[in-house]
file input02.cif (mmCIF, C-alpha atoms)
data_coords
#
loop_
_atom_site.label_atom_id
_atom_site.label_comp_id
_atom_site.auth_asym_id
_atom_site.auth_seq_id
_atom_site.Cartn_x
_atom_site.Cartn_y
_atom_site.Cartn_z
CA MET A 1 -28.99 67.24 -37.86
CA LYS A 2 -27.74 69.80 -35.38
CA LYS A 3 -29.49 67.96 -32.58
CA LYS A 4 -27.77 64.67 -33.47
CA TYR A 5 -24.41 66.40 -33.59
CA LEU A 6 -24.85 67.93 -30.19
CA SER A 7 -25.93 64.56 -28.82
CA ALA A 8 -22.78 62.89 -30.18
CA MET A 9 -20.63 65.60 -28.70
CA GLY A 10 -22.34 64.98 -25.37
CA MET A 11 -21.42 61.30 -25.50
CA LEU A 12 -17.80 61.91 -26.54
CA TYR A 13 -15.86 64.55 -24.65
CA PHE A 14 -12.19 65.32 -25.11
CA SER A 15 -10.30 66.94 -22.30
CA LEU A 16 -7.35 68.22 -24.20
CA LEU A 17 -5.63 69.69 -21.19
CA GLN A 18 -5.51 66.35 -19.37
CA ALA A 19 -5.54 64.10 -22.50
CA GLN A 20 -8.52 62.14 -21.17
CA VAL A 21 -11.36 60.62 -23.17
CA GLY A 22 -14.84 60.13 -21.78
CA ILE A 23 -17.61 58.11 -23.40
CA ASN A 24 -21.06 58.70 -21.96
CA THR A 25 -19.45 61.04 -19.42
CA THR A 26 -18.28 64.67 -19.44
CA THR A 27 -15.94 64.09 -16.50
CA PRO A 28 -13.59 61.25 -17.44
CA ALA A 29 -11.61 59.90 -14.47
CA ALA A 30 -8.95 58.13 -16.53
CA ILE A 31 -7.25 58.31 -19.90
CA LEU A 32 -10.26 56.36 -21.20
CA ASP A 33 -13.46 56.35 -19.14
CA ILE A 34 -16.44 54.47 -20.55
CA GLN A 35 -19.71 54.65 -18.68
CA PRO A 36 -22.82 52.51 -19.31
CA THR A 37 -26.05 54.13 -20.32
CA ASN A 38 -27.62 53.01 -17.05
CA PRO A 39 -25.54 51.13 -14.41
CA ALA A 40 -28.66 49.67 -12.82
CA ASN A 41 -30.24 48.66 -16.12
CA PRO A 42 -27.52 48.55 -18.82
CA ASN A 43 -28.22 48.02 -22.49
CA PRO A 44 -27.14 44.66 -23.95
CA ASN A 45 -24.53 46.46 -26.07
CA ASP A 46 -23.00 48.38 -23.16
CA GLY A 47 -19.43 47.08 -23.12
CA LEU A 48 -16.04 47.05 -24.74
CA LEU A 49 -15.21 44.71 -27.61
CA ILE A 50 -11.57 43.57 -27.78
CA PRO A 51 -10.46 42.37 -31.24
CA ARG A 52 -11.86 38.86 -31.71
CA VAL A 53 -9.75 36.36 -33.65
CA THR A 54 -10.11 32.70 -34.60
CA ASN A 55 -6.40 32.12 -35.06
CA LEU A 56 -3.08 33.59 -33.95
CA ALA A 57 -0.91 35.57 -36.34
CA GLU A 58 1.78 33.59 -38.08
CA VAL A 59 4.24 36.41 -37.34
CA ASN A 60 4.55 37.19 -33.65
CA PRO A 61 3.92 40.74 -32.42
CA SER A 62 6.95 42.88 -31.54
CA SER A 63 7.98 44.55 -28.30
CA ASN A 64 5.88 47.55 -29.35
CA GLN A 65 2.79 45.38 -28.80
CA ASN A 66 3.85 44.14 -25.33
CA GLY A 67 0.64 43.80 -23.29
CA MET A 68 -1.63 43.79 -26.35
CA LEU A 69 -4.97 42.13 -25.66
CA ILE A 70 -7.07 39.91 -27.95
CA TYR A 71 -9.99 37.55 -27.54
CA LEU A 72 -9.51 34.07 -28.98
CA SER A 73 -12.91 32.80 -30.09
CA ASN A 74 -11.91 29.14 -30.14
CA ASP A 75 -9.09 26.80 -29.08
CA VAL A 76 -6.03 27.08 -31.32
CA VAL A 77 -2.89 24.93 -31.69
CA LYS A 78 0.30 26.76 -32.66
CA ASN A 79 3.78 25.27 -32.53
CA ALA A 80 2.36 22.16 -30.77
CA LYS A 81 0.94 24.33 -27.95
CA VAL A 82 -2.78 24.60 -27.23
CA TYR A 83 -4.17 28.09 -26.66
CA SER A 84 -7.60 27.93 -25.02
CA LYS A 85 -10.55 30.09 -25.91
CA GLY A 86 -10.57 33.37 -23.99
CA PHE A 87 -8.65 36.60 -23.47
CA LEU A 88 -4.92 36.47 -24.29
CA TYR A 89 -2.21 39.05 -23.79
CA TRP A 90 1.17 39.29 -25.56
CA ASP A 91 4.34 39.02 -23.45
CA SER A 92 7.20 40.18 -25.64
CA GLU A 93 9.85 39.11 -23.12
CA ALA A 94 8.53 35.54 -23.05
CA VAL A 95 7.68 35.76 -26.77
CA ASP A 96 4.32 34.08 -26.20
CA TRP A 97 0.62 34.62 -25.67
CA PHE A 98 -0.74 34.02 -22.17
CA PRO A 99 -4.29 33.78 -20.88
CA LEU A 100 -5.48 36.31 -18.34
CA SER A 101 -5.05 34.72 -14.92
CA SER A 102 -8.73 34.94 -14.16
CA GLY A 103 -9.43 32.69 -17.13
CA GLU A 104 -7.08 29.78 -16.27
CA TRP A 105 -9.32 28.38 -13.52
CA LYS A 106 -13.00 28.16 -14.25
CA SER A 107 -15.99 26.89 -12.31
CA GLY A 108 -17.69 23.68 -13.33
CA VAL A 109 -19.34 20.47 -12.16
CA ASN A 110 -18.38 16.82 -12.58
CA GLN A 111 -20.56 13.92 -13.68
CA ASN A 112 -21.91 13.58 -10.14
CA GLY A 113 -23.01 17.19 -10.04
CA GLU A 114 -20.26 18.20 -7.58
CA SER A 115 -19.02 21.78 -7.90
CA LEU A 116 -15.35 22.37 -8.68
CA ILE A 117 -12.83 24.58 -10.42
CA TYR A 118 -10.68 23.23 -13.24
CA SER A 119 -7.58 24.25 -15.18
CA THR A 120 -8.63 25.32 -18.64
CA GLN A 121 -5.20 24.89 -20.26
CA ALA A 122 -4.66 21.37 -18.89
CA ASN A 123 -8.24 20.44 -19.76
CA ALA A 124 -7.74 21.65 -23.33
CA ASN A 125 -4.70 19.35 -23.59
CA GLY A 126 -6.68 16.32 -22.41
CA THR A 127 -5.64 16.23 -18.73
CA LYS A 128 -8.15 17.13 -16.06
CA ILE A 129 -6.85 19.08 -13.06
CA VAL A 130 -9.57 20.01 -10.57
CA VAL A 131 -10.18 21.17 -7.02
CA THR A 132 -13.62 20.29 -5.70
CA ASP A 133 -15.61 22.42 -3.26
CA GLU A 134 -14.90 19.68 -0.67
CA GLY A 135 -11.16 20.34 -1.02
CA LYS A 136 -10.34 17.22 -3.02
CA ILE A 137 -7.66 17.51 -5.70
CA GLY A 138 -7.85 15.43 -8.86
CA ILE A 139 -5.26 15.05 -11.61
CA GLY A 140 -6.52 13.03 -14.56
CA THR A 141 -10.00 12.88 -13.02
CA ASP A 142 -12.73 15.35 -12.11
CA ASN A 143 -14.15 12.93 -9.53
CA PRO A 144 -11.32 12.25 -7.01
CA VAL A 145 -12.16 9.49 -4.54
CA GLU A 146 -9.67 10.61 -1.89
CA LYS A 147 -8.28 14.01 -0.85
CA PHE A 148 -5.69 13.65 -3.61
CA GLU A 149 -5.98 11.31 -6.60
CA PHE A 150 -3.82 10.96 -9.69
CA ARG A 151 -5.51 8.86 -12.35
CA GLY A 152 -4.15 7.95 -15.75
CA VAL A 153 -3.34 5.13 -18.13
CA GLY A 154 0.10 3.69 -18.70
CA ASP A 155 3.21 4.26 -16.63
CA ASN A 156 2.11 6.30 -13.60
CA ASP A 157 5.27 6.51 -11.52
CA PHE A 158 5.67 8.97 -8.66
CA GLN A 159 9.15 10.36 -8.21
CA ILE A 160 10.72 12.69 -5.66
CA THR A 161 14.09 13.97 -6.87
CA SER A 162 16.69 15.58 -4.65
CA ALA A 163 20.40 16.38 -4.72
CA ASP A 164 21.28 16.91 -1.09
CA THR A 165 22.78 15.06 1.86
CA ASN A 166 19.30 15.28 3.39
CA PRO A 167 17.35 12.88 1.11
CA PRO A 168 13.67 13.36 0.21
CA ASN A 169 11.16 11.93 2.67
CA LEU A 170 7.58 10.76 2.39
CA ILE A 171 6.04 11.81 5.73
CA LEU A 172 2.78 10.51 7.20
CA TYR A 173 1.91 12.53 10.29
CA ASN A 174 -1.04 11.66 12.52
CA THR A 175 -1.87 12.61 16.11
CA GLY A 176 -4.63 12.49 18.62
CA GLY A 177 -6.77 15.56 19.23
CA THR A 178 -7.21 17.92 16.28
CA ILE A 179 -4.95 19.53 13.69
CA ASP A 180 -5.03 22.81 15.57
CA TYR A 181 -4.65 21.17 18.99
CA PRO A 182 -2.72 17.88 18.58
CA THR A 183 -2.34 15.50 21.52
CA LEU A 184 -0.99 12.00 22.17
CA PRO A 185 -2.41 9.34 19.83
CA GLY A 186 -4.72 6.75 21.32
CA THR A 187 -3.93 3.20 22.39
CA ASN A 188 -2.98 1.10 19.33
CA GLN A 189 -4.01 4.00 17.06
CA GLU A 190 -2.98 3.71 13.42
CA ILE A 191 -0.43 6.35 12.44
CA GLY A 192 -0.51 5.88 8.68
CA ALA A 193 -0.59 3.33 5.89
CA LEU A 194 0.43 2.68 2.30
CA LEU A 195 -2.47 0.77 0.74
CA PHE A 196 -2.73 -1.36 -2.38
CA LYS A 197 -6.05 -1.74 -4.22
CA THR A 198 -7.39 -3.49 -7.30
CA ASN A 199 -10.76 -4.35 -8.82
CA ASN A 200 -12.42 -7.75 -8.43
CA GLY A 201 -14.87 -7.18 -11.26
CA TYR A 202 -17.52 -5.68 -8.98
CA GLY A 203 -15.68 -2.79 -7.38
CA ILE A 204 -12.51 -1.49 -5.78
CA GLN A 205 -10.98 -3.88 -3.25
CA GLU A 206 -8.13 -3.32 -0.81
CA VAL A 207 -5.76 -6.30 -1.13
CA GLY A 208 -2.69 -5.25 0.82
CA GLY A 209 -0.94 -2.55 2.73
CA ILE A 210 1.88 -1.42 4.99
CA HIS A 211 0.40 -0.12 8.26
CA TYR A 212 2.02 1.66 11.17
CA PHE A 213 0.33 1.57 14.61
CA MET A 214 1.01 2.66 18.13
CA ASP A 215 2.00 -0.50 20.00
CA GLY A 216 0.00 -0.08 23.18
CA THR A 217 -0.67 3.13 25.10
CA PRO A 218 1.77 6.00 24.45
CA ASN A 219 2.85 8.72 26.84
CA ALA A 220 5.07 11.79 26.67
CA SER A 221 8.25 9.75 27.14
CA SER A 222 7.27 6.51 25.38
CA LEU A 223 5.91 6.18 21.84
CA PRO A 224 6.13 2.44 21.00
CA THR A 225 5.11 1.53 17.46
CA LYS A 226 4.27 -1.57 15.46
CA LEU A 227 4.64 -2.31 11.74
CA VAL A 228 2.08 -4.60 10.09
CA ILE A 229 2.17 -5.79 6.48
CA ASN A 230 -1.14 -7.04 5.08
CA THR A 231 -1.64 -9.44 2.19
CA THR A 232 -4.66 -11.27 0.79
CA LYS A 233 -4.74 -15.05 1.02
CA ASN A 234 -5.78 -17.41 -1.75
CA ASN A 235 -9.57 -17.65 -2.26
CA GLN A 236 -10.16 -14.44 -0.28
CA ILE A 237 -10.69 -10.80 -1.29
CA ASN A 238 -9.96 -9.04 2.02
CA ASP A 239 -6.42 -8.49 3.25
CA SER A 240 -5.20 -9.43 6.73
CA GLY A 241 -2.02 -9.15 8.79
CA SER A 242 0.76 -11.39 7.45
CA PHE A 243 3.92 -9.90 8.95
CA THR A 244 4.38 -7.92 12.18
CA ILE A 245 7.27 -6.19 13.92
CA THR A 246 6.43 -4.92 17.41
CA GLY A 247 8.01 -2.14 19.38
CA ASN A 248 10.18 -4.56 21.38
CA GLY A 249 11.53 -6.20 18.22
CA ASN A 250 9.35 -9.31 18.22
CA VAL A 251 8.60 -10.59 14.72
CA GLY A 252 5.40 -12.46 13.93
CA ILE A 253 4.32 -14.19 10.75
CA GLY A 254 0.58 -14.71 10.56
CA THR A 255 0.02 -13.10 13.95
CA LEU A 256 -0.51 -9.48 14.99
CA ASN A 257 0.85 -9.98 18.52
CA PRO A 258 4.06 -12.09 18.42
CA SER A 259 5.10 -13.33 21.87
CA ALA A 260 8.70 -14.23 20.92
CA LYS A 261 11.55 -12.77 18.89
CA LEU A 262 10.23 -14.97 16.08
CA ASN A 263 6.66 -16.25 16.34
CA LEU A 264 5.62 -18.67 13.58
CA PRO A 265 2.09 -19.91 12.95
CA ALA A 266 1.01 -23.54 13.03
CA SER A 267 0.50 -25.38 9.76
CA ASP A 268 -3.07 -25.62 8.51
CA GLY A 269 -2.37 -29.10 7.16
CA THR A 270 -2.27 -28.07 3.51
CA SER A 271 0.70 -28.21 1.20
CA ASN A 272 3.31 -25.47 1.58
CA SER A 273 2.01 -24.38 5.00
CA ALA A 274 4.83 -25.70 7.21
CA PRO A 275 5.89 -23.15 9.87
CA LEU A 276 9.56 -23.54 8.95
CA LYS A 277 11.35 -25.20 6.06
CA LEU A 278 15.10 -25.23 5.41
CA THR A 279 16.52 -25.42 1.90
CA ALA A 280 19.24 -28.00 1.40
CA GLY A 281 22.64 -26.55 0.70
CA THR A 282 26.37 -26.72 1.40
CA THR A 283 27.40 -26.40 5.03
CA LEU A 284 29.61 -23.52 6.13
CA ALA A 285 33.32 -23.94 5.50
CA ASN A 286 33.92 -22.92 9.12
CA PRO A 287 31.24 -23.77 11.70
CA GLU A 288 29.71 -20.76 13.44
CA PRO A 289 28.21 -21.01 16.96
CA GLY A 290 24.41 -20.98 16.90
CA ALA A 291 24.12 -21.83 13.20
CA MET A 292 21.59 -24.38 11.94
CA GLU A 293 22.29 -26.03 8.60
CA TYR A 294 20.69 -28.65 6.41
CA ASP A 295 22.62 -30.49 3.69
CA GLY A 296 19.68 -32.49 2.37
CA THR A 297 20.43 -35.49 4.62
CA ASN A 298 21.19 -34.23 8.11
CA LEU A 299 20.19 -31.25 10.19
CA TYR A 300 23.12 -29.69 12.06
CA PHE A 301 23.49 -27.33 14.99
CA THR A 302 26.83 -25.74 15.91
CA ASN A 303 27.40 -25.39 19.67
CA GLY A 304 29.38 -22.77 21.54
CA ASN A 305 32.58 -24.77 21.06
CA ASN A 306 32.26 -24.52 17.28
CA ALA A 307 31.40 -28.21 17.08
CA ARG A 308 28.89 -28.98 14.33
CA GLU A 309 26.53 -31.65 15.71
CA VAL A 310 23.90 -33.71 13.95
CA VAL A 311 20.48 -32.95 15.36
CA MET A 312 18.92 -36.32 16.29
CA LYS A 313 16.23 -37.39 13.86
CA GLY A 314 13.28 -39.43 15.00
CA LEU A 315 9.99 -40.96 13.98
CA VAL A 316 6.85 -41.17 16.06
CA VAL A 317 4.35 -43.92 15.20
CA ASP A 318 1.22 -45.40 16.72
CA GLY A 319 0.20 -49.00 16.38
CA ASN A 320 -2.35 -51.42 17.82
CA LEU A 321 -1.05 -54.69 19.26
CA ASP A 322 -3.04 -57.67 20.56
CA PHE A 323 -0.75 -59.92 22.59
CA PRO A 324 -1.81 -63.46 23.38
CA SER A 325 -1.92 -64.88 26.91
CA ILE A 326 1.59 -64.94 28.37
CA ALA A 327 2.61 -67.55 30.94
CA ASN A 328 4.24 -66.43 34.16
CA LEU A 329 7.94 -65.61 33.93
CA SER A 330 7.64 -65.74 30.14
CA SER A 331 7.72 -63.12 27.35
CA TYR A 332 6.19 -62.58 23.92
CA GLU A 333 7.14 -60.29 21.03
CA LEU A 334 5.07 -58.52 18.32
CA GLU A 335 6.33 -56.14 15.65
CA ILE A 336 5.13 -52.96 13.93
CA PRO A 337 6.41 -52.51 10.34
CA LEU A 338 8.17 -49.18 9.68
CA GLN A 339 9.96 -48.71 6.38
CA GLY A 340 13.24 -46.79 6.27
CA ILE A 341 14.65 -47.64 9.69
CA SER A 342 17.52 -49.98 10.46
CA GLN A 343 18.82 -51.92 13.43
CA ASN A 344 21.31 -49.14 14.03
CA SER A 345 18.44 -47.03 15.40
CA ILE A 346 17.14 -46.93 18.96
CA CYS A 347 13.56 -46.66 20.17
CA ASN A 348 11.35 -45.83 23.08
CA CYS A 349 7.83 -47.22 23.53
CA SER A 350 4.91 -47.12 25.92
CA PRO A 351 1.33 -48.39 26.00
CA VAL A 352 -1.51 -45.91 25.68
CA GLY A 353 -3.25 -46.15 29.04
CA ALA A 354 -2.63 -48.47 32.01
CA ILE A 355 -1.38 -52.01 31.42
CA GLU A 356 -2.14 -55.17 33.39
CA SER A 357 -0.31 -55.58 36.66
CA GLY A 358 2.75 -57.83 36.44
CA LEU A 359 3.62 -56.94 32.84
CA THR A 360 6.74 -55.03 31.82
CA TRP A 361 7.76 -54.01 28.32
CA SER A 362 10.72 -53.10 26.16
CA CYS A 363 11.40 -52.51 22.44
CA TYR A 364 14.21 -52.71 19.93
CA VAL A 365 14.66 -51.98 16.22
CA ILE A 366 15.25 -54.37 13.36
CA ASP A 367 15.43 -53.45 9.69
CA ASN A 368 12.09 -51.85 8.65
CA ALA A 369 10.27 -52.85 11.83
CA ILE A 370 10.02 -52.32 15.59
CA LYS A 371 9.84 -55.22 18.03
CA ILE A 372 7.87 -54.80 21.27
CA ARG A 373 8.39 -57.42 24.00
CA LEU A 374 5.99 -58.03 26.90
CA LEU A 375 7.32 -59.90 29.95
CA ASN A 376 5.03 -61.54 32.50
CA ALA A 377 7.12 -61.09 35.61
CA SER A 378 4.40 -62.44 37.88
CA ILE A 379 4.73 -65.82 39.64
CA LEU A 380 0.98 -66.09 40.09
CA GLY A 381 0.08 -67.36 36.64
CA ALA A 382 -0.60 -66.38 33.02
CA ILE A 383 -1.75 -62.87 31.96
CA ASP A 384 -3.87 -62.22 28.88
CA PRO A 385 -3.31 -58.55 27.85
CA ILE A 386 -6.15 -56.71 26.16
CA SER A 387 -5.67 -55.21 22.69
CA ARG A 388 -4.33 -51.69 23.02
CA ASN A 389 -2.48 -48.91 21.16
CA TRP A 390 1.23 -48.31 21.57
CA LYS A 391 3.24 -45.12 20.94
CA ILE A 392 6.77 -45.63 19.67
CA THR A 393 9.53 -43.09 19.06
CA VAL A 394 12.45 -44.16 16.88
CA TYR A 395 15.74 -42.23 16.84
CA LYS A 396 17.71 -42.73 13.66
CA LEU A 397 21.45 -42.82 14.27
CA ASN A 398 22.53 -42.80 10.63
#

call {"tool": "encode", "arguments": {"input": "input02.cif", "output": "structure tokens"}}
result
Amino acid sequence: MKKKYLSAMGMLYFSLLQAQVGINTTTPAAILDIQPTNPANPNPNDGLLIPRVTNLAEVNPSSNQNGMLIYLSNDVVKNAKVYSKGFLYWDSEAVDWFPLSSGEWKSGVNQNGESLIYSTQANANGTKIVVTDEGKIGIGTDNPVEKFEFRGVGDNDFQITSADTNPPNLILYNTGGTIDYPTLPGTNQEIGALLFKTNNGYGIQEVGGIHYFMDGTPNASSLPTKLVINTTKNNQINDSGSFTITGNGNVGIGTLNPSAKLNLPASDGTSNSAPLKLTAGTTLANPEPGAMEYDGTNLYFTNGNNAREVVMKGLVVDGNLDFPSIANLSSYELEIPLQGISQNSICNCSPVGAIESGLTWSCYVIDNAIKIRLLNASILGAIDPISRNWKITVYKLN
């Protein structure tokens, strides 16, 4: 019995002069100094047990317990707040329990086996916040596809709020060289883009975007840029350039390199593919120089003298005519039907290819038809023209 008592006294030593307590040591170095039985080979029960609880007290601790430590054995919800399993300390000023900082971020792996750290408190509330070992940040996902990904259901708006004369900016910065040693970007290098993606049933597909490029080769005193907007056409799944603004202000629709202030593409022959279409409307109350207007009947252009003029409207038709033999110094007429024209119109015509020597031609318009007259001006005899195509242009004057 005496031996056991002496052994216990050896394990617990009180230094009354310094008010220090040593457990498993006779030379405590702090108010409480606990030493393991063997630092190199400790016993499984070498350690300190903090009070373990499965719930938080209904009545909060007081200021006298500020800094008090407990171990929460399971997740607990109190006052609509989730407290995650782990060590908690009481902050009387904040009147709340807080996890030890070392316990907020824990190591883990995602479904692909990639190592990461995750926020325990957010995870306990159903939102994943992770940083992978590759430096990717994920909110709402533990498997971010890009360097930063926010994933969630419902209304996922992104808002930058400011209250200053200098408004918030979304900045995309890209250079040549490296981050540590930036240089001029390369010829036609892309500076940045805002991309739009969806799923076609088989995987993620990029279907549009706003891209910003260098427009040519930059130098220290010239950094020309080009804006390109991509969309995806019908019956396709890959986006392509639909709208371009170059560094010199040229605008192109359907072309990446517009060669005019406005460069329009040719029609592909299908419906709704005309390069330009004006909507009928009321003409300006006061003509403005350079304005083009369409009232549903006539197309107008206003000249520099503020005179609104009707742009001449015409029709171009092709027709095959087979004239009979025409006697010398005689003429013969054939007609090509053309609905919608009247004798108030004028026309111009010409044969496709060379015509027999001695023949001259002219044309005129009657209601719904064009008359073409061949004259044999030769005095040598009759001429029998071969069958040939004619091209006729009709200018409508009303």

call {"tool": "resolve_selection", "arguments": {"input": "input02.cif", "expression": "the PyMOL selection byres ((chain A and resi 228-245) around 10)", "output": "ChimeraX atom specification"}}
result
/A:193-196,199-200,205-213,215,225-227,246-258,261-263

call {"tool": "atom_distance", "arguments": {"input": "input02.cif", "atom1": "CA of Ile139 in chain A", "atom2": "CA of Ile117 in chain A"}}
result
12.2 Å

call {"tool": "atom_distance", "arguments": {"input": "input02.cif", "atom1": "CA of Tyr118 in chain A", "atom2": "CA of Asp142 in chain A"}}
result
8.2 Å

call {"tool": "closest_residue", "arguments": {"input": "input02.cif", "among": "A:Leu338, A:Pro218, A:Asn112, A:Phe158", "to": "Gly176 in chain A", "atoms": "all atoms listed in the file"}}
result
A:Pro218

call {"tool": "closest_atom_pairs", "arguments": {"input": "input02.cif", "of": "range 82-191 of chain A", "to": "range 54-72 of chain A", "cutoff": "6 Å", "atoms": "all atoms listed in the file", "output": "JSON lines"}}
result
{"residue": "A:Lys85", "atom": "CA", "partner": "A:Leu72", "partner_atom": "CA", "distance": 5.1}
{"residue": "A:Gly86", "atom": "CA", "partner": "A:Leu72", "partner_atom": "CA", "distance": 5.1}
{"residue": "A:Phe87", "atom": "CA", "partner": "A:Tyr71", "partner_atom": "CA", "distance": 4.4}
{"residue": "A:Leu88", "atom": "CA", "partner": "A:Ile70", "partner_atom": "CA", "distance": 5.5}
{"residue": "A:Tyr89", "atom": "CA", "partner": "A:Leu69", "partner_atom": "CA", "distance": 4.5}
{"residue": "A:Trp90", "atom": "CA", "partner": "A:Gly67", "partner_atom": "CA", "distance": 5.1}
{"residue": "A:Asp91", "atom": "CA", "partner": "A:Asn66", "partner_atom": "CA", "distance": 5.5}
{"residue": "A:Ser92", "atom": "CA", "partner": "A:Ser63", "partner_atom": "CA", "distance": 5.2}

call {"tool": "residues_near_point", "arguments": {"input": "input02.cif", "point": "(1.6, -63.0, 25.9)", "cutoff": "12 Å", "atoms": "all atoms listed in the file", "output": "compact mmCIF listing (two decimals) with C-alpha atoms, in the frame of the given file"}}
result
# COMPACT_ATOMS: atom_id res chain seq x y z
CA LEU A 321 -1.05 -54.69 19.26
CA ASP A 322 -3.04 -57.67 20.56
CA PHE A 323 -0.75 -59.92 22.59
CA PRO A 324 -1.81 -63.46 23.38
CA SER A 325 -1.92 -64.88 26.91
CA ILE A 326 1.59 -64.94 28.37
CA ALA A 327 2.61 -67.55 30.94
CA ASN A 328 4.24 -66.43 34.16
CA LEU A 329 7.94 -65.61 33.93
CA SER A 330 7.64 -65.74 30.14
CA SER A 331 7.72 -63.12 27.35
CA TYR A 332 6.19 -62.58 23.92
CA GLU A 333 7.14 -60.29 21.03
CA LEU A 334 5.07 -58.52 18.32
CA GLU A 356 -2.14 -55.17 33.39
CA GLY A 358 2.75 -57.83 36.44
CA LEU A 359 3.62 -56.94 32.84
CA THR A 360 6.74 -55.03 31.82
CA TRP A 361 7.76 -54.01 28.32
CA ILE A 372 7.87 -54.80 21.27
CA ARG A 373 8.39 -57.42 24.00
CA LEU A 374 5.99 -58.03 26.90
CA LEU A 375 7.32 -59.90 29.95
CA ASN A 376 5.03 -61.54 32.50
CA ALA A 377 7.12 -61.09 35.61
CA GLY A 381 0.08 -67.36 36.64
CA ALA A 382 -0.60 -66.38 33.02
CA ILE A 383 -1.75 -62.87 31.96
CA ASP A 384 -3.87 -62.22 28.88
CA PRO A 385 -3.31 -58.55 27.85
CA ILE A 386 -6.15 -56.71 26.16
CA SER A 387 -5.67 -55.21 22.69

call {"tool": "atom_distance", "arguments": {"input": "input02.cif", "atom1": "CA of Ser119 in chain A", "atom2": "CA of Val145 in chain A"}}
result
18.8 Å

call {"tool": "residues_around", "arguments": {"input": "input02.cif", "residues": "Ala30 in chain A", "least_positions_apart": "2", "cutoff": "9 Å", "atoms": "all atoms listed in the file", "output": "list in words"}}
result
Gln20, Val21, Gly22, Pro28, Leu32 and Asp33 of chain A

call {"tool": "resolve_selection", "arguments": {"input": "input02.cif", "expression": "the PyMOL selection byres ((chain A and resi 353) around 12)", "output": "MDAnalysis selection string"}}
result
chainID A and resid 350:352 354:356 386:391

call {"tool": "build_atoms", "arguments": {"input": "input02.cif", "residues": "range 269-282 of chain A", "atoms": "N, CA and C atoms", "output": "mmCIF file, in the coordinates of the input"}}
result
data_model
loop_
_atom_site.group_PDB
_atom_site.id
_atom_site.type_symbol
_atom_site.label_atom_id
_atom_site.label_comp_id
_atom_site.auth_asym_id
_atom_site.auth_seq_id
_atom_site.Cartn_x
_atom_site.Cartn_y
_atom_site.Cartn_z
ATOM 1 N N GLY A 269 -2.237 -27.741 7.691
ATOM 2 C CA GLY A 269 -2.370 -29.100 7.160
ATOM 3 C C GLY A 269 -2.308 -29.185 5.655
ATOM 4 N N THR A 270 -2.332 -28.040 4.972
ATOM 5 C CA THR A 270 -2.270 -28.070 3.510
ATOM 6 C C THR A 270 -0.833 -27.996 3.042
ATOM 7 N N SER A 271 -0.638 -28.265 1.763
ATOM 8 C CA SER A 271 0.700 -28.210 1.200
ATOM 9 C C SER A 271 1.285 -26.808 1.315
ATOM 10 N N ASN A 272 2.574 -26.737 1.510
ATOM 11 C CA ASN A 272 3.310 -25.470 1.580
ATOM 12 C C ASN A 272 2.863 -24.583 2.734
ATOM 13 N N SER A 273 2.422 -25.179 3.837
ATOM 14 C CA SER A 273 2.010 -24.380 5.000
ATOM 15 C C SER A 273 2.840 -24.712 6.233
ATOM 16 N N ALA A 274 3.981 -25.383 6.057
ATOM 17 C CA ALA A 274 4.830 -25.700 7.210
ATOM 18 C C ALA A 274 5.327 -24.415 7.864
ATOM 19 N N PRO A 275 5.401 -24.366 9.198
ATOM 20 C CA PRO A 275 5.890 -23.150 9.870
ATOM 21 C C PRO A 275 7.318 -22.789 9.485
ATOM 22 N N LEU A 276 8.167 -23.804 9.267
ATOM 23 C CA LEU A 276 9.560 -23.540 8.950
ATOM 24 C C LEU A 276 10.080 -24.632 8.026
ATOM 25 N N LYS A 277 10.774 -24.230 6.992
ATOM 26 C CA LYS A 277 11.350 -25.200 6.060
ATOM 27 C C LYS A 277 12.726 -24.703 5.642
ATOM 28 N N LEU A 278 13.746 -25.583 5.794
ATOM 29 C CA LEU A 278 15.100 -25.230 5.410
ATOM 30 C C LEU A 278 15.418 -25.783 4.027
ATOM 31 N N THR A 279 16.098 -24.992 3.236
ATOM 32 C CA THR A 279 16.520 -25.420 1.900
ATOM 33 C C THR A 279 17.875 -26.111 1.997
ATOM 34 N N ALA A 280 17.978 -27.263 1.363
ATOM 35 C CA ALA A 280 19.240 -28.000 1.400
ATOM 36 C C ALA A 280 20.332 -27.212 0.704
ATOM 37 N N GLY A 281 21.522 -27.261 1.291
ATOM 38 C CA GLY A 281 22.640 -26.550 0.700
ATOM 39 C C GLY A 281 23.959 -27.020 1.276
ATOM 40 N N THR A 282 25.037 -26.375 0.915
ATOM 41 C CA THR A 282 26.370 -26.720 1.400
ATOM 42 C C THR A 282 26.591 -26.117 2.782
#
